[in-house]
Amino acid sequence: MCGIVGYIGKRDTAPLLLEGLQRLEYRGYDSAGIAIQSGGTGKGAGGLKTAKTKGRVRDLEDRIPKRFTGTAGIAHTRWATHGVPNDVNAHPHLDPLEKVAVVHNGIIDNASELRAKLSAEGVTLVSDTDTEVLAHLIARSVADSLETRVQEALRHIEGTYGIAVLHADFPERIVVARNGSPVVLGIGEHEMFVASDVAALVSHTRQVVTLDDGEMATIKAGDYRTYTTEGSRTSSSPETVEYAAESYELGDHDTYMHKEIGEQADAVDRVLAGRIDDRFATVHLGGLNLDPREARAVRRVKILGCGTSYHAGLIGAQMIEELARIPADAEPASEFRYRNPVVDPDTLYIAVSQSGETYDALAAVQELKRKGARVLGVINVVGSAIAREADGGVYVHAGPEVCVVSTKCFTNTVVAFGLLALHLGRIRDLSVKDGKRIIEGLRKLPGQIAEIMESEPEIKKLAQEYADAQSMLFIGRVRGYPVALEASLKLKEVSYIHAEAYPASELKHGPLALIEPAMPTVAIVPDDDLLEKNRAALEEIKARSGRILAVAHQEQEKADRTIIVPKNEDELDPILMGIPLQLLAYHTALALGRDIDKPRNLAKSVTVE
Ligand code: M6R
C-alpha cells in the first residue's frame, strides 16, 4: 500500500517522479504528492518545494506549479491508513520550517503516543497522519549528518516503514530506510533512483539493490551506500531485474486486467519451463530446499495466503492431498497469525503471495519461523520479503501483474501448486503412470487457455446480460468450490456486484432461500465423479425459478447458459474453470463503467494489517 519514489541526478526531477508515481499508482491511489530540492540551502536560496493533492497522480500533475525544477526529489501515492484522503494528509510531510520532507509506506504503531508527546512539547501537527511525526522528529535532531538524524528519529518509531527523506540542509542526498515495507534502489549512470517497487525504475535502469529490514541507504547522484539503522555498513551488490520495461506497459490494451487475463497462456508456459522431467515423470523445483527424505517425512501441509492467494492455496491443498496423499488445508494468513496456532514440526507450511509483501502473510511466516517451523513460499515477485524469509519455495513466474485484481498470478500459482503436488506425489506414492498423466495435462494447459480466450465475445455478451444483477451466487463442489470462491471475489472486487460463494452441497442448508429469478447462480460443473451431484443442485435451483450460468465441460441442460471449458485431468480442471469467470468479471465491470484496474478502496500490495 502506498508507493514511494525518489530521484537524484542531473535530470529535471518532477517529470521523472510523476512518471514513477504513475507506475506505482496501483499500490494506492487516494492522494499523491511530491517534494523537490530546488537547489542551494538556507532561506531564500532554494530549499524544498512541495505539491500535493487528494486524488490521482493526474490530479497532482495539474497542481505542479511552473518552475518546479530541481535535481533531487521524493514522491508518494497514498492508500490512507491514518486520516482521510485529503490534501493535508497527502505525503510528503514536512516540519514547520519546511526543511525536512518525508514519504512513508507502512504504519507507525505508536503514532498517537508520539503525536501526544510532540503536541505536549509545543509542536503543531497539521495532519491526521502517523507519518508527520517522523518529519518533526528528524527536524529536531541536531546531529551532524542526515543519516544520524534519521536514525535518531527511527529509534522512537514502532511499526513498519519504507521511507525516503529529503533535507534542505543536505541537498546532495536522499536517505531511505526499510522495516517491513519494500525499498529498492535503482542504479543509473550518474543518477540514482529509489522506489517501493521496481515497476517505477525499470524504464531507467534494471540494476537494483533491494534493502533488507533494518537497513538504510544514502543515495547521491554518483553513488550509494547501505548500512543498518545502528550505523554499521552492509554489503549489497546490484541485481538485474528479470522483466524489461515493456512487461509493465499497457501496450494496445485499455486495461491491465484485460492485458493480464490475455497473457495467461504465455505465463503458464513460463511456470512450466525447464521444470518437467519426463524420464522420472516428475518435476524439478530448484529452489525448494527440501530433499526427498525431508519430503517423505512431511505429515501435513498447511497453506497460508490472503484473498486470491488463499483461494489458490485451497486448490493447492486439494492437489497435494489428491496427488501426494498428504493431509493438506489452506487458511487465510490473516486469521492464522492471530489464533496462536499450534506449530507442528512435521507440518510443512507454505505461504502464498503474488507480491511477496502482504503483511498478514509475512507476519504469519515470521511467527512460524520464530516457532521453528519450515516454511516454503509460492511467490511471484522474486526477492520479495516473503520469498527472502522463507526456507525455500517455488516462484510462479507470472510476470509483473499491475491490475489490483489478480488474474494471471492466480492461474500461475495454481499451476505451481500442481507442480509441487506432482513433485511430492512422485517422492511418495504417485505412480509413474499417474505422474505422466499429470504432466500431459500440465502441457495441455497453455493451448487450452488460448481456446478459452476464443470464447471472449460470447462471455462479453453474457456479462452484459448479467450486469444488472444486484447479487450473484457462485457454487461449486469439492474441486469446484475454491473456483467459485475466487470467481465471486473477482466479480465483487471489480464490478462491485455483491457475490457469495457456497459449496453446492450446502445449498439446501440455507442459501437455497435466496433463489429467485433476480438472483443468478453461476455453477462450476466439471465432468468428474461429482457431475451427477452437481446436476442435482442445478435441478434444485431450476425448480425454484433460478437463473443458472454453468461453467462446464459439456452443455448443461438445466442451465440457462453454459460456458464450455476444455477438459483436462480431473485434478487440474480447477486451473481452467476460473478463467472464463475472470473474463465475466472483467466484462461485467466494463459494462458498468467501473475503474477496472483501480477498484474503489483497494490497493494491490496490502502491506498493512
Ligand atoms: O500479493 P498477495 O497475493 O499476497 O495479495 C493477497 C491479496 O491481497 C490479493 O490476492 C487480493 O485479494 C487481490 N485484490 C485479489 O484480486
# chains A, B, ... in the order shown; residues from 1 in each chain; ligands from 1
call {"tool": "residues_around", "arguments": {"residues": "A:Ala543", "least_positions_apart": "4", "cutoff": "12 Å", "atoms": "only C-alpha atoms", "output": "ChimeraX atom specification"}}
result
/A:512,515-517,536-539,547-548,558-559
call {"tool": "residues_near_ligand", "arguments": {"ligand": "ligand 1", "cutoff": "6 Å", "atoms": "only C-alpha atoms and all ligand atoms", "output": "mmCIF file with N, CA, C and O atoms, in the first residue's frame"}}
result
data_model
loop_
_atom_site.group_PDB
_atom_site.id
_atom_site.type_symbol
_atom_site.label_atom_id
_atom_site.label_comp_id
_atom_site.auth_asym_id
_atom_site.auth_seq_id
_atom_site.Cartn_x
_atom_site.Cartn_y
_atom_site.Cartn_z
ATOM 1 N N CYS A 306 -3.656 -14.735 1.492
ATOM 2 C CA CYS A 306 -4.803 -13.835 1.652
ATOM 3 C C CYS A 306 -5.506 -13.654 0.314
ATOM 4 O O CYS A 306 -4.858 -13.695 -0.746
ATOM 5 N N GLY A 307 -6.813 -13.385 0.374
ATOM 6 C CA GLY A 307 -7.577 -13.071 -0.838
ATOM 7 C C GLY A 307 -7.426 -14.151 -1.891
ATOM 8 O O GLY A 307 -7.592 -15.360 -1.641
ATOM 9 N N THR A 308 -7.072 -13.698 -3.074
ATOM 10 C CA THR A 308 -6.923 -14.621 -4.196
ATOM 11 C C THR A 308 -5.848 -15.671 -3.927
ATOM 12 O O THR A 308 -5.976 -16.828 -4.337
ATOM 13 N N SER A 309 -4.801 -15.285 -3.236
ATOM 14 C CA SER A 309 -3.730 -16.253 -2.950
ATOM 15 C C SER A 309 -4.231 -17.352 -2.010
ATOM 16 O O SER A 309 -3.821 -18.511 -2.123
ATOM 17 N N SER A 353 1.801 -15.833 -2.026
ATOM 18 C CA SER A 353 1.585 -14.402 -2.213
ATOM 19 C C SER A 353 2.093 -13.980 -3.577
ATOM 20 O O SER A 353 3.203 -14.364 -3.964
ATOM 21 N N GLN A 354 1.299 -13.209 -4.275
ATOM 22 C CA GLN A 354 1.757 -12.661 -5.551
ATOM 23 C C GLN A 354 2.878 -11.682 -5.290
ATOM 24 O O GLN A 354 3.973 -11.803 -5.829
ATOM 25 N N SER A 355 2.601 -10.702 -4.441
ATOM 26 C CA SER A 355 3.551 -9.612 -4.216
ATOM 27 C C SER A 355 4.722 -10.050 -3.348
ATOM 28 O O SER A 355 5.803 -9.479 -3.420
ATOM 29 N N GLY A 356 4.481 -11.031 -2.487
ATOM 30 C CA GLY A 356 5.501 -11.405 -1.507
ATOM 31 C C GLY A 356 5.649 -10.352 -0.421
ATOM 32 O O GLY A 356 6.598 -10.378 0.363
ATOM 33 N N THR A 358 2.555 -9.018 1.283
ATOM 34 C CA THR A 358 1.332 -8.911 2.083
ATOM 35 C C THR A 358 1.652 -9.070 3.572
ATOM 36 O O THR A 358 2.187 -10.101 3.999
ATOM 37 N N VAL A 404 -4.886 -4.214 -9.895
ATOM 38 C CA VAL A 404 -5.095 -4.548 -8.482
ATOM 39 C C VAL A 404 -5.757 -5.928 -8.346
ATOM 40 O O VAL A 404 -5.481 -6.689 -7.421
ATOM 41 N N VAL A 405 -6.613 -6.233 -9.311
ATOM 42 C CA VAL A 405 -7.337 -7.503 -9.293
ATOM 43 C C VAL A 405 -6.437 -8.580 -9.905
ATOM 44 O O VAL A 405 -6.019 -8.473 -11.046
ATOM 45 N N SER A 406 -6.166 -9.609 -9.145
ATOM 46 C CA SER A 406 -5.220 -10.629 -9.603
ATOM 47 C C SER A 406 -5.892 -11.642 -10.532
ATOM 48 O O SER A 406 -6.971 -12.152 -10.241
ATOM 49 N N LYS A 604 -3.046 -2.812 -4.441
ATOM 50 C CA LYS A 604 -2.537 -4.140 -4.812
ATOM 51 C C LYS A 604 -1.759 -4.817 -3.693
ATOM 52 O O LYS A 604 -1.990 -5.980 -3.399
ATOM 53 N N SER A 605 -0.801 -4.102 -3.112
ATOM 54 C CA SER A 605 0.029 -4.771 -2.105
ATOM 55 C C SER A 605 -0.430 -4.315 -0.730
ATOM 56 O O SER A 605 -0.261 -3.154 -0.377
ATOM 57 N N VAL A 606 -0.994 -5.251 0.031
ATOM 58 C CA VAL A 606 -1.571 -4.873 1.314
ATOM 59 C C VAL A 606 -0.488 -5.021 2.391
ATOM 60 O O VAL A 606 -0.408 -6.025 3.082
#
call {"tool": "atom_distance", "arguments": {"atom1": "atom CA of A:Ala513", "atom2": "atom CA of A:Lys542"}}
result
12.9 Å
call {"tool": "closest_residue", "arguments": {"among": "A:Asp529, A:Asp212, A:Asp128, A:Glu557", "to": "A:Arg477", "atoms": "only C-alpha atoms"}}
result
A:Asp529
call {"tool": "residues_around", "arguments": {"residues": "A:Val342", "least_positions_apart": "6", "cutoff": "12 Å", "atoms": "only C-alpha atoms", "output": "list in words"}}
result
Lys302, Phe336, Glu367, Leu368, Lys371, Gly372 and Ala373 of chain A
call {"tool": "residues_around", "arguments": {"residues": "A:Ser334", "least_positions_apart": "4", "cutoff": "12 Å", "atoms": "only C-alpha atoms", "output": "ChimeraX atom specification"}}
result
/A:304-307,309-310,330,338-340,351,358-365,367,606-609
call {"tool": "write_last_selection", "arguments": {"atoms": "N, CA, C and O atoms", "output": "compact mmCIF listing (two decimals), in the first residue's frame"}}
result
# COMPACT_ATOMS: atom_id res chain seq x y z
N LEU A 304 -0.95 -20.95 3.63
CA LEU A 304 -1.43 -19.66 4.15
C LEU A 304 -1.32 -18.58 3.09
O LEU A 304 -0.29 -18.46 2.42
N GLY A 305 -2.38 -17.81 2.93
CA GLY A 305 -2.34 -16.71 1.97
C GLY A 305 -3.56 -15.83 2.21
O GLY A 305 -4.41 -16.15 3.06
N CYS A 306 -3.66 -14.73 1.49
CA CYS A 306 -4.80 -13.83 1.65
C CYS A 306 -5.51 -13.65 0.31
O CYS A 306 -4.86 -13.69 -0.75
N GLY A 307 -6.81 -13.38 0.37
CA GLY A 307 -7.58 -13.07 -0.84
C GLY A 307 -7.43 -14.15 -1.89
O GLY A 307 -7.59 -15.36 -1.64
N SER A 309 -4.80 -15.28 -3.24
CA SER A 309 -3.73 -16.25 -2.95
C SER A 309 -4.23 -17.35 -2.01
O SER A 309 -3.82 -18.51 -2.12
N TYR A 310 -5.12 -16.99 -1.10
CA TYR A 310 -5.72 -18.00 -0.23
C TYR A 310 -6.55 -18.99 -1.08
O TYR A 310 -6.47 -20.20 -0.89
N ALA A 330 -5.82 -25.14 3.64
CA ALA A 330 -5.39 -23.75 3.49
C ALA A 330 -6.21 -22.89 4.45
O ALA A 330 -7.35 -23.23 4.78
N TYR A 338 -3.34 -14.72 14.16
CA TYR A 338 -3.92 -14.19 15.40
C TYR A 338 -4.49 -15.26 16.32
O TYR A 338 -5.09 -14.95 17.33
N ARG A 339 -4.37 -16.54 15.93
CA ARG A 339 -5.03 -17.53 16.80
C ARG A 339 -4.02 -18.42 17.54
O ARG A 339 -4.33 -19.53 17.88
N ASN A 340 -2.86 -17.91 17.76
CA ASN A 340 -1.82 -18.64 18.48
C ASN A 340 -1.78 -20.10 18.03
O ASN A 340 -2.03 -21.02 18.81
N ALA A 351 3.58 -20.46 2.38
CA ALA A 351 2.99 -19.12 2.27
C ALA A 351 2.83 -18.78 0.80
O ALA A 351 3.76 -18.96 0.02
N THR A 358 2.55 -9.02 1.28
CA THR A 358 1.33 -8.91 2.08
C THR A 358 1.65 -9.07 3.57
O THR A 358 2.19 -10.10 4.00
N TYR A 359 1.32 -8.06 4.33
CA TYR A 359 1.78 -8.01 5.72
C TYR A 359 1.29 -9.20 6.54
O TYR A 359 2.04 -9.79 7.31
N ASP A 360 0.00 -9.54 6.37
CA ASP A 360 -0.55 -10.65 7.15
C ASP A 360 0.17 -11.96 6.84
O ASP A 360 0.42 -12.77 7.74
N ALA A 361 0.49 -12.16 5.56
CA ALA A 361 1.19 -13.39 5.19
C ALA A 361 2.63 -13.35 5.72
O ALA A 361 3.13 -14.35 6.25
N LEU A 362 3.26 -12.21 5.60
CA LEU A 362 4.64 -12.07 6.09
C LEU A 362 4.69 -12.30 7.61
O LEU A 362 5.55 -13.02 8.12
N ALA A 363 3.72 -11.70 8.32
CA ALA A 363 3.71 -11.85 9.78
C ALA A 363 3.48 -13.31 10.16
O ALA A 363 4.07 -13.81 11.13
N ALA A 364 2.63 -14.02 9.38
CA ALA A 364 2.39 -15.44 9.67
C ALA A 364 3.69 -16.22 9.48
O ALA A 364 4.04 -17.08 10.30
N VAL A 365 4.41 -15.90 8.41
CA VAL A 365 5.67 -16.60 8.15
C VAL A 365 6.66 -16.33 9.29
O VAL A 365 7.32 -17.25 9.80
N GLU A 367 6.03 -15.53 12.36
CA GLU A 367 5.59 -16.23 13.58
C GLU A 367 5.96 -17.72 13.49
O GLU A 367 6.45 -18.32 14.45
N VAL A 606 -0.99 -5.25 0.03
CA VAL A 606 -1.57 -4.87 1.31
C VAL A 606 -0.49 -5.02 2.39
O VAL A 606 -0.41 -6.03 3.08
N THR A 607 0.34 -3.97 2.50
CA THR A 607 1.49 -4.05 3.40
C THR A 607 1.17 -3.55 4.81
O THR A 607 2.07 -3.29 5.59
N VAL A 608 -0.13 -3.38 5.09
CA VAL A 608 -0.53 -3.02 6.46
C VAL A 608 -1.51 -4.07 6.97
O VAL A 608 -2.06 -4.84 6.20
N GLU A 609 -1.73 -4.06 8.28
CA GLU A 609 -2.65 -5.04 8.85
C GLU A 609 -4.07 -4.75 8.45
O GLU A 609 -4.46 -3.61 8.39
call {"tool": "select_by_dssp", "arguments": {"residues": "stretch 485-603 of chain A", "states": "strand (DSSP E or B)", "output": "tab-separated table (two decimals) with N, CA, C and O atoms, in the first residue's frame"}}
result
chain	number	residue	atom	x	y	z
A	498	HIS	N	-22.61	-7.51	-5.44
A	498	HIS	CA	-22.46	-8.43	-4.32
A	498	HIS	C	-22.46	-9.86	-4.83
A	498	HIS	O	-23.29	-10.24	-5.67
A	499	ALA	N	-21.53	-10.66	-4.34
A	499	ALA	CA	-21.48	-12.06	-4.78
A	499	ALA	C	-21.09	-12.92	-3.59
A	499	ALA	O	-20.30	-12.50	-2.75
A	500	GLU	N	-21.65	-14.10	-3.57
A	500	GLU	CA	-21.35	-15.04	-2.48
A	500	GLU	C	-21.01	-16.38	-3.06
A	500	GLU	O	-21.60	-16.78	-4.08
A	501	ALA	N	-20.09	-17.09	-2.45
A	501	ALA	CA	-19.78	-18.44	-2.93
A	501	ALA	C	-20.14	-19.45	-1.86
A	501	ALA	O	-19.91	-19.21	-0.66
A	502	TYR	N	-20.72	-20.56	-2.29
A	502	TYR	CA	-21.10	-21.64	-1.38
A	502	TYR	C	-20.70	-22.98	-1.97
A	502	TYR	O	-20.72	-23.14	-3.20
A	503	PRO	N	-20.40	-23.96	-1.12
A	503	PRO	CA	-20.27	-25.31	-1.66
A	503	PRO	C	-21.66	-25.72	-2.18
A	503	PRO	O	-22.66	-25.49	-1.48
A	521	THR	N	-27.35	-17.68	-10.47
A	521	THR	CA	-26.33	-18.58	-9.89
A	521	THR	C	-25.33	-18.94	-10.97
A	521	THR	O	-25.70	-19.28	-12.10
A	522	VAL	N	-24.05	-18.85	-10.61
A	522	VAL	CA	-23.00	-19.35	-11.50
A	522	VAL	C	-22.53	-20.67	-10.90
A	522	VAL	O	-22.10	-20.70	-9.74
A	523	ALA	N	-22.64	-21.74	-11.68
A	523	ALA	CA	-22.32	-23.07	-11.14
A	523	ALA	C	-21.12	-23.66	-11.86
A	523	ALA	O	-21.03	-23.62	-13.09
A	524	ILE	N	-20.18	-24.18	-11.07
A	524	ILE	CA	-18.99	-24.84	-11.62
A	524	ILE	C	-19.33	-26.33	-11.72
A	524	ILE	O	-19.56	-26.98	-10.69
A	525	VAL	N	-19.38	-26.83	-12.94
A	525	VAL	CA	-19.87	-28.21	-13.14
A	525	VAL	C	-18.87	-29.02	-13.97
A	525	VAL	O	-19.07	-29.25	-15.17
A	548	ILE	N	-29.51	-19.83	-14.20
A	548	ILE	CA	-28.22	-20.52	-13.99
A	548	ILE	C	-27.28	-20.29	-15.17
A	548	ILE	O	-27.66	-20.47	-16.34
A	549	LEU	N	-26.07	-19.91	-14.83
A	549	LEU	CA	-24.98	-19.89	-15.81
A	549	LEU	C	-23.99	-20.97	-15.36
A	549	LEU	O	-23.45	-20.89	-14.25
A	550	ALA	N	-23.80	-21.97	-16.22
A	550	ALA	CA	-22.88	-23.06	-15.82
A	550	ALA	C	-21.55	-22.89	-16.52
A	550	ALA	O	-21.48	-22.43	-17.66
A	551	VAL	N	-20.48	-23.23	-15.80
A	551	VAL	CA	-19.16	-23.36	-16.43
A	551	VAL	C	-18.88	-24.85	-16.38
A	551	VAL	O	-18.79	-25.43	-15.29
A	552	ALA	N	-18.82	-25.47	-17.56
A	552	ALA	CA	-18.82	-26.92	-17.58
A	552	ALA	C	-18.02	-27.44	-18.77
A	552	ALA	O	-17.59	-26.67	-19.63
A	561	ARG	N	-27.58	-20.86	-19.51
A	561	ARG	CA	-26.41	-20.66	-20.39
A	561	ARG	C	-25.29	-21.55	-19.88
A	561	ARG	O	-25.15	-21.74	-18.67
A	562	THR	N	-24.47	-22.05	-20.81
A	562	THR	CA	-23.30	-22.82	-20.38
A	562	THR	C	-22.06	-22.26	-21.09
A	562	THR	O	-22.08	-22.06	-22.30
A	563	ILE	N	-21.03	-22.02	-20.33
A	563	ILE	CA	-19.73	-21.69	-20.93
A	563	ILE	C	-18.94	-23.01	-20.93
A	563	ILE	O	-18.72	-23.61	-19.87
A	564	ILE	N	-18.55	-23.44	-22.12
A	564	ILE	CA	-17.84	-24.73	-22.21
A	564	ILE	C	-16.34	-24.49	-22.11
A	564	ILE	O	-15.78	-23.64	-22.79
call {"tool": "closest_residue", "arguments": {"among": "A:Ala35, A:Cys2, A:Ala328, A:Leu348", "to": "A:Tyr161", "atoms": "only C-alpha atoms"}}
result
A:Cys2
call {"tool": "atom_distance", "arguments": {"atom1": "atom CA of A:Pro96", "atom2": "atom CA of A:Gly9"}}
result
27.1 Å
call {"tool": "atom_distance", "arguments": {"atom1": "atom CA of A:Gln264", "atom2": "atom CA of A:Tyr586"}}
result
14.8 Å
call {"tool": "select_by_dssp", "arguments": {"residues": "stretch 367-583 of chain A", "states": "helix (DSSP H, G or I)", "output": "PyMOL selection string"}}
result
chain A and resi 367-370+385-389+408-427+432-453+456-466+480-495+504-509+511-514+531-542+570-577+579-583
call {"tool": "residues_around", "arguments": {"residues": "A:Leu94", "least_positions_apart": "2", "cutoff": "10 Å", "atoms": "only C-alpha atoms", "output": "PyMOL selection string"}}
result
chain A and resi 35+48+50+91-92+96-103+125-126+131-136+138-139+165-167
call {"tool": "closest_atom_pairs", "arguments": {"of": "stretch 93-204 of chain A", "to": "stretch 242-248 of chain A", "cutoff": "7 Å", "atoms": "only C-alpha atoms", "output": "Markdown table"}}
result
| residue | atom | partner | partner_atom | distance |
| --- | --- | --- | --- | --- |
| A:Ala199 | CA | A:Tyr248 | CA | 6.7 |
| A:Val202 | CA | A:Ala245 | CA | 5.2 |
| A:Ser203 | CA | A:Ala245 | CA | 5.1 |
